[in-house]
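One file, target35.txt, is given below (compact mmCIF, C-alpha atoms).
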```txt
# COMPACT_ATOMS: atom_id res chain seq x y z
CA MET A 1 62.82 170.83 -7.36
CA ALA A 2 60.57 168.20 -5.80
CA ALA A 3 60.86 169.82 -2.36
CA ILE A 4 60.08 173.25 -3.78
CA THR A 5 57.15 171.95 -5.82
CA ILE A 6 55.61 170.19 -2.80
CA PHE A 7 56.04 173.22 -0.56
CA VAL A 8 54.76 175.81 -3.04
CA GLY A 9 51.82 173.59 -3.93
CA ALA A 10 50.94 173.19 -0.26
CA TYR A 11 51.31 176.92 0.30
CA LEU A 12 48.90 177.73 -2.54
CA LEU A 13 46.34 175.25 -1.23
CA ILE A 14 46.57 176.71 2.27
CA ALA A 15 46.11 180.23 0.87
CA SER A 16 43.12 179.18 -1.26
CA GLU A 17 41.40 177.51 1.74
CA LYS A 18 39.86 174.99 -0.66
CA VAL A 19 41.43 172.15 1.33
CA HIS A 20 41.77 172.13 5.12
CA ARG A 21 45.24 173.31 6.03
CA THR A 22 45.84 170.31 8.30
CA ALA A 23 45.17 167.92 5.42
CA VAL A 24 47.51 169.95 3.21
CA ALA A 25 50.30 169.92 5.80
CA LEU A 26 49.97 166.18 6.38
CA GLY A 27 49.89 165.50 2.65
CA GLY A 28 52.96 167.64 2.04
CA ALA A 29 54.84 166.01 4.90
CA GLY A 30 53.89 162.57 3.61
CA LEU A 31 55.21 163.39 0.14
CA MET A 32 58.48 164.67 1.61
CA LEU A 33 58.92 161.33 3.38
CA LEU A 34 57.66 159.23 0.47
CA LEU A 35 60.17 160.75 -1.94
CA HIS A 36 63.04 160.44 0.58
CA ILE A 37 63.53 164.21 0.63
CA THR A 38 63.74 163.71 4.38
CA ASP A 39 63.52 160.61 6.56
CA GLY A 40 62.07 159.56 9.88
CA HIS A 41 65.06 160.71 11.90
CA GLY A 42 65.24 164.06 10.14
CA ALA A 43 61.50 164.63 10.46
CA PHE A 44 61.02 163.70 14.11
CA PHE A 45 64.35 163.86 15.94
CA SER A 46 66.60 166.41 14.23
CA GLU A 47 66.77 169.87 15.83
CA GLU A 48 67.51 171.48 12.48
CA THR A 49 65.06 169.73 10.16
CA GLY A 50 62.49 168.01 12.38
CA VAL A 51 59.27 168.87 14.15
CA ASP A 52 59.82 171.58 16.77
CA TRP A 53 58.29 169.78 19.72
CA ASN A 54 58.81 172.82 21.96
CA VAL A 55 56.27 174.71 19.85
CA VAL A 56 53.79 171.83 19.71
CA PHE A 57 53.84 171.08 23.44
CA LEU A 58 53.76 174.73 24.47
CA LEU A 59 50.55 175.16 22.51
CA LEU A 60 49.16 171.90 23.90
CA GLY A 61 49.81 172.92 27.50
CA MET A 62 48.27 176.37 27.09
CA MET A 63 45.23 174.94 25.31
CA VAL A 64 44.57 172.59 28.23
CA ILE A 65 44.86 175.43 30.77
CA VAL A 66 42.46 177.61 28.77
CA SER A 67 40.10 174.66 28.32
CA VAL A 68 39.80 174.37 32.10
CA LEU A 69 39.41 178.13 32.61
CA ARG A 70 36.67 178.27 30.00
CA ARG A 71 34.49 176.06 32.18
CA THR A 72 34.45 178.67 34.96
CA GLY A 73 32.71 181.43 32.98
CA VAL A 74 35.49 183.90 33.74
CA PHE A 75 35.65 185.23 30.18
CA GLU A 76 31.93 185.97 30.11
CA TYR A 77 32.31 187.70 33.47
CA VAL A 78 35.00 190.00 32.12
CA ALA A 79 32.99 190.90 29.01
CA ILE A 80 29.85 191.81 30.97
CA TRP A 81 31.98 193.75 33.44
CA ALA A 82 33.48 195.74 30.57
CA ALA A 83 30.06 196.52 29.08
CA LYS A 84 28.80 197.83 32.41
CA ARG A 85 31.92 199.92 32.98
CA ALA A 86 31.37 201.44 29.53
CA ARG A 87 27.80 202.29 30.61
CA GLY A 88 26.48 200.98 27.34
CA ARG A 89 28.24 203.60 25.21
CA PRO A 90 29.42 201.88 22.00
CA TYR A 91 32.85 203.48 21.59
CA ARG A 92 33.73 203.04 25.26
CA LEU A 93 32.56 199.44 25.02
CA MET A 94 34.75 198.81 21.97
CA VAL A 95 37.78 200.30 23.71
CA MET A 96 37.18 198.18 26.79
CA LEU A 97 36.76 194.99 24.74
CA VAL A 98 39.79 195.56 22.50
CA VAL A 99 42.04 196.41 25.46
CA LEU A 100 40.89 193.32 27.35
CA THR A 101 41.31 191.19 24.22
CA ALA A 102 44.82 192.51 23.63
CA ALA A 103 45.81 191.91 27.26
CA ALA A 104 44.40 188.38 27.21
CA SER A 105 46.13 187.64 23.91
CA ALA A 106 49.47 188.56 25.44
CA LEU A 107 49.07 185.76 28.00
CA LEU A 108 47.08 183.26 25.95
CA ASP A 109 47.28 182.60 22.23
CA ASN A 110 45.15 184.97 20.14
CA VAL A 111 43.05 182.21 18.55
CA THR A 112 41.89 180.98 21.94
CA THR A 113 41.19 184.53 23.10
CA VAL A 114 38.93 185.42 20.19
CA LEU A 115 37.14 182.08 20.49
CA LEU A 116 36.17 183.03 24.03
CA VAL A 117 35.45 186.72 23.54
CA ALA A 118 33.47 186.57 20.27
CA PRO A 119 30.36 184.76 21.60
CA VAL A 120 30.04 187.25 24.44
CA THR A 121 30.39 190.13 21.99
CA PHE A 122 27.32 188.83 20.16
CA LEU A 123 25.37 188.86 23.42
CA VAL A 124 26.35 192.41 24.37
CA CYS A 125 25.84 193.86 20.87
CA GLU A 126 22.43 192.22 20.62
CA ARG A 127 21.33 193.80 23.88
CA LEU A 128 22.53 197.23 22.73
CA ALA A 129 21.15 196.83 19.16
CA LEU A 130 24.62 197.36 17.67
CA ARG A 131 26.15 195.82 14.54
CA VAL A 132 28.47 193.11 15.80
CA GLU A 133 30.79 193.04 12.77
CA PRO A 134 32.85 196.17 13.66
CA PHE A 135 33.34 194.89 17.21
CA LEU A 136 34.50 191.48 16.01
CA ILE A 137 36.92 193.01 13.51
CA ALA A 138 38.33 195.37 16.14
CA GLU A 139 38.74 192.53 18.61
CA VAL A 140 40.58 190.22 16.24
CA MET A 141 42.91 193.04 15.22
CA ALA A 142 43.55 193.86 18.87
CA SER A 143 44.31 190.19 19.52
CA ASN A 144 46.92 190.18 16.76
CA ILE A 145 48.49 193.39 18.07
CA GLY A 146 48.40 192.31 21.73
CA GLY A 147 49.72 188.85 20.91
CA THR A 148 52.84 190.45 19.44
CA ALA A 149 54.01 191.48 22.90
CA THR A 150 54.92 188.06 24.30
CA LEU A 151 56.35 184.69 23.33
CA VAL A 152 53.05 182.87 23.82
CA GLY A 153 50.73 185.52 22.40
CA ASP A 154 50.92 184.56 18.73
CA PRO A 155 51.99 181.21 17.20
CA PRO A 156 54.61 182.87 14.92
CA ASN A 157 56.33 184.22 18.03
CA ILE A 158 56.66 180.70 19.41
CA ILE A 159 58.38 179.60 16.21
CA ILE A 160 60.68 182.65 16.27
CA ALA A 161 61.60 182.10 19.91
CA SER A 162 62.40 178.45 19.34
CA ARG A 163 64.53 179.12 16.26
CA GLY A 164 66.25 182.23 17.63
CA GLY A 165 66.84 181.01 21.18
CA LEU A 166 64.77 183.89 22.56
CA SER A 167 63.11 183.86 25.99
CA PHE A 168 59.76 185.08 27.27
CA ASN A 169 61.54 188.08 28.78
CA ASP A 170 63.23 188.93 25.47
CA PHE A 171 59.85 189.44 23.83
CA LEU A 172 58.45 191.28 26.83
CA VAL A 173 61.33 193.77 27.02
CA ASN A 174 61.73 194.37 23.29
CA LEU A 175 58.19 194.28 21.93
CA ALA A 176 55.77 195.03 24.79
CA PRO A 177 56.60 198.79 25.00
CA LEU A 178 55.89 199.19 21.29
CA VAL A 179 52.67 197.16 21.54
CA VAL A 180 51.36 199.50 24.25
CA LEU A 181 51.90 202.45 21.89
CA LEU A 182 50.28 200.58 19.00
CA MET A 183 47.21 199.81 21.10
CA VAL A 184 46.78 203.48 22.02
CA VAL A 185 46.94 204.43 18.34
CA PHE A 186 44.62 201.56 17.42
CA CYS A 187 41.97 202.72 19.90
CA VAL A 188 42.08 206.19 18.31
CA LEU A 189 41.82 204.60 14.84
CA CYS A 190 38.73 202.66 15.93
CA ARG A 191 36.96 205.93 16.73
CA TRP A 192 37.47 207.03 13.11
CA LEU A 193 37.16 203.69 11.27
CA PHE A 194 33.90 202.57 12.90
CA ARG A 195 32.37 205.98 13.62
CA ALA A 196 29.20 205.21 11.62
CA HIS A 197 28.31 202.29 13.91
CA PHE A 198 28.39 203.96 17.34
CA HIS A 199 24.66 204.47 17.98
CA TYR A 200 23.84 205.03 21.66
CA ASP A 201 20.43 203.99 23.02
CA PRO A 202 19.88 205.14 26.65
CA GLU A 203 17.10 202.63 27.31
CA LEU A 204 19.10 199.65 26.11
CA ALA A 205 22.14 200.90 28.03
CA ALA A 206 20.05 200.96 31.21
CA GLU A 207 19.02 197.34 30.61
CA ILE A 208 22.58 196.12 30.28
CA MET A 209 23.50 197.88 33.50
CA GLU A 210 21.04 195.52 35.22
CA LEU A 211 23.05 192.42 34.21
CA GLU A 212 24.89 190.75 37.07
CA GLU A 213 28.33 189.63 35.94
CA ARG A 214 28.84 187.43 38.98
CA GLU A 215 26.16 185.11 37.67
CA ALA A 216 28.45 184.24 34.77
CA ILE A 217 30.85 182.46 37.14
CA THR A 218 29.74 178.85 37.30
CA ASP A 219 32.53 177.35 39.44
CA ARG A 220 34.37 179.67 41.81
CA ARG A 221 36.65 177.00 43.23
CA LEU A 222 37.79 175.97 39.77
CA LEU A 223 38.24 179.62 38.84
CA TRP A 224 40.70 180.27 41.66
CA GLN A 225 42.54 177.05 40.96
CA GLY A 226 42.83 177.89 37.26
CA LEU A 227 43.94 181.48 37.82
CA SER A 228 46.52 180.36 40.38
CA VAL A 229 48.06 177.85 37.99
CA LEU A 230 48.01 180.37 35.12
CA ALA A 231 49.78 182.91 37.33
CA LEU A 232 52.43 180.33 38.25
CA VAL A 233 52.95 179.49 34.57
CA VAL A 234 53.40 183.16 33.61
CA VAL A 235 55.84 183.71 36.50
CA ALA A 236 57.83 180.67 35.38
CA PHE A 237 57.94 182.09 31.83
CA VAL A 238 59.38 185.34 33.19
CA LEU A 239 61.90 183.51 35.40
CA HIS A 240 63.21 181.36 32.56
CA PRO A 241 66.76 182.80 32.87
CA VAL A 242 66.83 181.62 36.50
CA LEU A 243 64.83 178.39 36.35
CA HIS A 244 66.11 177.20 32.93
CA TYR A 245 62.83 175.44 32.11
CA GLU A 246 61.68 175.64 28.50
CA PRO A 247 58.25 177.32 28.02
CA SER A 248 56.89 174.02 26.69
CA VAL A 249 57.88 172.26 29.91
CA VAL A 250 56.31 175.00 32.02
CA ALA A 251 53.05 174.87 30.06
CA LEU A 252 52.83 171.08 30.30
CA LEU A 253 53.58 171.12 34.02
CA GLY A 254 50.90 173.76 34.55
CA ALA A 255 48.37 171.80 32.50
CA GLY A 256 49.18 168.58 34.35
CA LEU A 257 48.91 170.27 37.74
CA LEU A 258 45.57 171.85 36.85
CA VAL A 259 44.03 168.60 35.65
CA ALA A 260 45.41 166.62 38.60
CA ALA A 261 44.30 169.15 41.24
CA THR A 262 40.80 169.93 39.97
CA SER A 263 37.56 168.09 39.29
CA VAL A 264 38.03 168.42 35.52
CA THR A 265 38.70 165.03 33.99
CA THR A 266 41.51 164.37 31.54
CA GLN A 267 38.97 163.73 28.79
CA GLN A 268 37.19 167.02 29.45
CA ALA A 269 40.47 168.94 29.43
CA LEU A 270 41.59 167.39 26.17
CA ASP A 271 38.23 167.63 24.38
CA GLU A 272 38.71 171.31 23.55
CA VAL A 273 42.35 171.07 22.49
CA GLU A 274 42.75 172.20 18.88
CA TRP A 275 44.29 168.94 17.66
CA PRO A 276 44.08 169.92 13.96
CA THR A 277 46.21 172.98 14.72
CA LEU A 278 48.88 170.92 16.49
CA VAL A 279 48.97 168.38 13.66
CA PHE A 280 49.17 171.22 11.16
CA PHE A 281 52.27 172.53 12.91
CA ALA A 282 53.89 169.09 12.85
CA GLY A 283 53.26 168.62 9.13
CA LEU A 284 54.46 172.13 8.36
CA PHE A 285 57.73 171.60 10.21
CA VAL A 286 58.39 168.42 8.24
CA MET A 287 57.84 170.27 4.95
CA VAL A 288 60.15 173.12 5.97
CA GLY A 289 62.68 170.51 7.13
CA GLY A 290 62.64 169.07 3.60
CA LEU A 291 63.64 172.49 2.25
CA VAL A 292 66.49 172.62 4.77
CA GLU A 293 67.65 169.09 3.91
CA THR A 294 67.88 169.85 0.20
CA GLY A 295 69.72 173.15 0.68
CA VAL A 296 66.89 175.40 -0.51
CA ILE A 297 66.87 177.44 2.70
CA ALA A 298 70.66 177.86 2.57
CA ASP A 299 70.46 179.13 -1.02
CA VAL A 300 67.73 181.63 -0.14
CA SER A 301 69.74 182.79 2.88
CA ARG A 302 72.81 183.42 0.75
CA ALA A 303 70.73 185.33 -1.80
CA ALA A 304 69.16 187.46 0.95
CA ALA A 305 72.55 188.16 2.50
CA ASP A 306 73.94 189.20 -0.89
CA ALA A 307 70.94 191.45 -1.51
CA THR A 308 71.34 193.28 1.79
CA GLU A 309 75.12 193.42 1.38
CA GLY A 310 75.78 193.44 5.10
CA ARG A 311 73.53 196.45 5.69
CA PRO A 312 71.55 195.67 8.85
CA ALA A 313 69.28 198.70 8.53
CA PHE A 314 68.26 197.79 4.98
CA ALA A 315 67.82 194.13 5.93
CA THR A 316 65.64 195.06 8.90
CA MET A 317 63.32 197.37 6.96
CA LEU A 318 63.07 194.97 4.02
CA LEU A 319 62.21 192.10 6.36
CA LEU A 320 59.63 194.19 8.24
CA TRP A 321 57.67 195.35 5.19
CA ALA A 322 58.10 192.15 3.18
CA SER A 323 56.84 190.11 6.14
CA ALA A 324 53.84 192.40 6.55
CA GLY A 325 53.00 192.17 2.86
CA LEU A 326 53.36 188.40 2.58
CA SER A 327 51.50 187.75 5.85
CA ALA A 328 48.58 189.71 4.41
CA ILE A 329 48.32 187.22 1.57
CA VAL A 330 48.93 183.92 3.35
CA ASP A 331 48.61 182.78 6.96
CA ASN A 332 51.54 184.09 8.98
CA ILE A 333 52.24 180.71 10.60
CA PRO A 334 53.58 178.91 7.51
CA TYR A 335 55.31 182.14 6.43
CA VAL A 336 57.26 182.44 9.69
CA ALA A 337 58.02 178.72 9.73
CA THR A 338 59.58 179.17 6.30
CA MET A 339 61.43 182.42 7.05
CA SER A 340 62.79 181.59 10.51
CA PRO A 341 65.70 179.43 9.30
CA ILE A 342 66.54 182.12 6.71
CA VAL A 343 66.56 184.86 9.35
CA SER A 344 68.65 182.63 11.60
CA ASP A 345 71.32 182.47 8.90
CA LEU A 346 71.13 186.24 8.33
CA VAL A 347 71.59 186.90 12.05
CA GLN A 348 74.74 184.78 12.09
CA GLN A 349 76.09 186.60 9.03
CA GLN A 350 75.90 190.05 10.63
CA PRO A 351 78.76 190.27 13.15
CA GLY A 352 79.11 193.39 15.23
CA THR A 353 75.42 194.28 15.10
CA ASP A 354 72.42 193.48 17.23
CA GLY A 355 71.22 190.65 15.03
CA HIS A 356 68.15 190.19 17.21
CA VAL A 357 66.61 193.22 15.50
CA LEU A 358 65.97 190.95 12.51
CA TRP A 359 63.92 188.64 14.71
CA TRP A 360 61.89 191.60 15.98
CA ALA A 361 61.36 192.82 12.42
CA LEU A 362 60.11 189.37 11.40
CA ALA A 363 57.79 189.12 14.41
CA LEU A 364 56.34 192.61 13.97
CA GLY A 365 55.89 192.27 10.22
CA ALA A 366 54.27 188.84 10.41
CA ASP A 367 52.05 189.54 13.43
CA LEU A 368 50.85 193.00 12.38
CA GLY A 369 50.66 192.11 8.69
CA GLY A 370 48.19 189.40 9.62
CA ASN A 371 45.62 192.16 10.23
CA ALA A 372 45.58 193.26 6.60
CA THR A 373 43.21 190.63 5.19
CA ALA A 374 40.74 188.02 6.35
CA ILE A 375 43.22 185.18 5.74
CA GLY A 376 46.32 186.89 7.12
CA ALA A 377 46.15 185.25 10.56
CA SER A 378 44.50 182.19 12.05
CA ALA A 379 42.49 184.33 14.48
CA ASN A 380 40.94 186.21 11.53
CA VAL A 381 39.69 183.00 9.94
CA VAL A 382 38.28 181.80 13.27
CA VAL A 383 36.32 185.01 13.86
CA LEU A 384 34.91 185.04 10.33
CA GLY A 385 33.72 181.48 10.88
CA ILE A 386 32.02 182.41 14.15
CA ALA A 387 30.37 185.43 12.52
CA ALA A 388 29.02 183.35 9.65
CA ARG A 389 27.61 180.69 11.97
CA ASN A 390 25.80 183.35 13.99
CA GLY A 391 24.16 185.05 11.03
CA ALA A 392 26.52 188.03 10.72
CA PRO A 393 28.88 187.09 7.88
CA ILE A 394 31.91 189.29 7.29
CA SER A 395 33.11 189.36 3.70
CA PHE A 396 36.77 189.27 2.71
CA TRP A 397 36.70 192.83 1.40
CA TYR A 398 34.68 194.24 4.31
CA PHE A 399 37.41 193.02 6.64
CA THR A 400 40.19 194.15 4.32
CA ARG A 401 38.95 197.76 3.99
CA TYR A 402 39.70 198.22 7.68
CA GLY A 403 42.61 195.80 7.94
CA LEU A 404 44.77 197.51 5.35
CA VAL A 405 44.52 200.86 7.14
CA VAL A 406 45.38 199.36 10.52
CA THR A 407 48.29 197.36 9.10
CA VAL A 408 49.88 200.28 7.26
CA VAL A 409 49.62 202.57 10.30
CA THR A 410 50.93 200.04 12.84
CA VAL A 411 53.78 198.75 10.68
CA ALA A 412 54.79 202.33 9.84
CA LEU A 413 55.06 203.07 13.58
CA CYS A 414 57.45 200.13 13.92
CA VAL A 415 59.95 201.80 11.58
CA PRO A 416 61.07 204.62 13.92
CA TYR A 417 60.96 202.26 16.89
CA LEU A 418 63.32 199.72 15.32
CA TRP A 419 65.51 202.43 13.82
CA LEU A 420 65.98 204.46 16.99
CA ARG A 421 66.31 201.57 19.42
CA TYR A 422 68.47 199.15 17.44
CA LEU A 423 69.94 200.78 14.36
```

Re-express the file's structure as structure tokens.
Amino acid sequence: MAAITIFVGAYLLIASEKVHRTAVALGGAGLMLLLHITDGHGAFFSEETGVDWNVVFLLLGMMVIVSVLRRTGVFEYVAIWAAKRARGRPYRLMVMLVVLTAAASALLDNVTTVLLVAPVTFLVCERLALRVEPFLIAEVMASNIGGTATLVGDPPNIIIASRGGLSFNDFLVNLAPLVVLLMVVFCVLCRWLFRAHFHYDPELAAEIMELEEREAITDRRLLWQGLSVLALVVVAFVLHPVLHYEPSVVALLGAGLLVAATSVTTQQALDEVEWPTLVFFAGLFVMVGGLVETGVIADVSRAAADATEGRPAFATMLLLWASAGLSAIVDNIPYVATMSPIVSDLVQQQPGTDGHVLWWALALGADLGGNATAIGASANVVVLGIAARNGAPISFWYFTRYGLVVTVVTVALCVPYLWLRYL
């Protein structure tokens, strides 16, 4: 009861956003240790109940790589290039930005991607006299959709991969084809959802065509070094079955190589690392470990197995829609951290079936469900913060009126995909 009380209380505080989620996670972890629900060994060294260091160090390595790339101006270059290719036409510009955001989110984490793309979106929309809010909402939704395609694209996927023993290629082969379809549908949806905001001004379009994107690049040598290391890291992710290096090891090696081989100092590379996010993950894992230690997760797993009665199709659809619904209410990171050990047990209890379909249902539901509301995914919260600081606040309900439509459509498209391919 103590473990459940601590976890539920922390969950409610995270959902309310009245206390910073890192403080909540650390407080919850501290209470778990204080009350001997778990101990030091269980919290920091146990594979079953401790901090998942593969997740923490994978995020750390990728954050360092992106921190270095950010100094080159490459993201600003891409945004200006997209605006010019769209010839200043609002809908074309939105399509270009959301496609680029989705593609970047598949290789980088979606929070980092929106942090880099959002400021440039303000610049372009200001020059074209367009409302920036629809563009920001479309971009963050595209980042959540695009991040679904790969292991490193969305933090919940990292947790799922670690718990389920899934590789970078597993995500790429099983989810990327569906994500491509979802992005096509999403681009069509944008034309309808934001149709009132696509006002074309020929004079302003001509001005933006005069911008020189090459001027955005501030350090060409560093750019080539950063892109080369990023390419090596992605190749190593893909070759995991051959190289047998964990993604966390690959990311750390890439980060170390980039810092050692470039003029960027260690301090500069680490300054932009999202340390609160990494600490949040650590605290969250300790709290979930407390639930495992006390048998709560095992009890929930047995109840879920009894409810599905060995019916993989029912279990898959229930997990997909339940994950989407719950991820709309609370951040999908703590939700997946809680559900992953339960799904792991369910996979083991379904002999003779492709149990991995449950992992894909969890990933799709959690990642796509995060689009439903302003607090459904970390990237959503980040973008709303950026918008507020730049004088274009986006209310919870303004975001949700679009997010609910996108979530229902995209999750519904997952149903035939999962059914026909796996069930």

Please check which residues have atoms at most 12 Å from (58.4, 162.8, 0.9) in the file's coordinates, counting all atoms listed in the file, and write them as a ChimeraX atom specification.
-> /A:2-7,25-40,42-43,283,286-291,293-294

From A:Met94, A:Ile217, A:Ala236, A:Val188, residue lying nearest A:Tyr77 [all atoms listed in the file] =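 Closest to A:Tyr77, using all atoms listed in the file: A:Ile217.
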
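Distance-wise, atom CA of A:Leu128 and atom CA of A:Ala142 end up 21.6 Å apart.
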
A:Leu319, A:Ala216, A:Val296, A:Leu107: which is nearest A:Val238, counting all atoms listed in the file?
-> A:Leu107

Select, from A:Pro334, A:Gly147, A:Pro90, A:Gly385, the residue with the minimum atom-to-atom distance to A:Thr113, counting all atoms listed in the file.
->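 Comparing A:Pro334, A:Gly147, A:Pro90, A:Gly385 against A:Thr113, the winner is A:Gly147.
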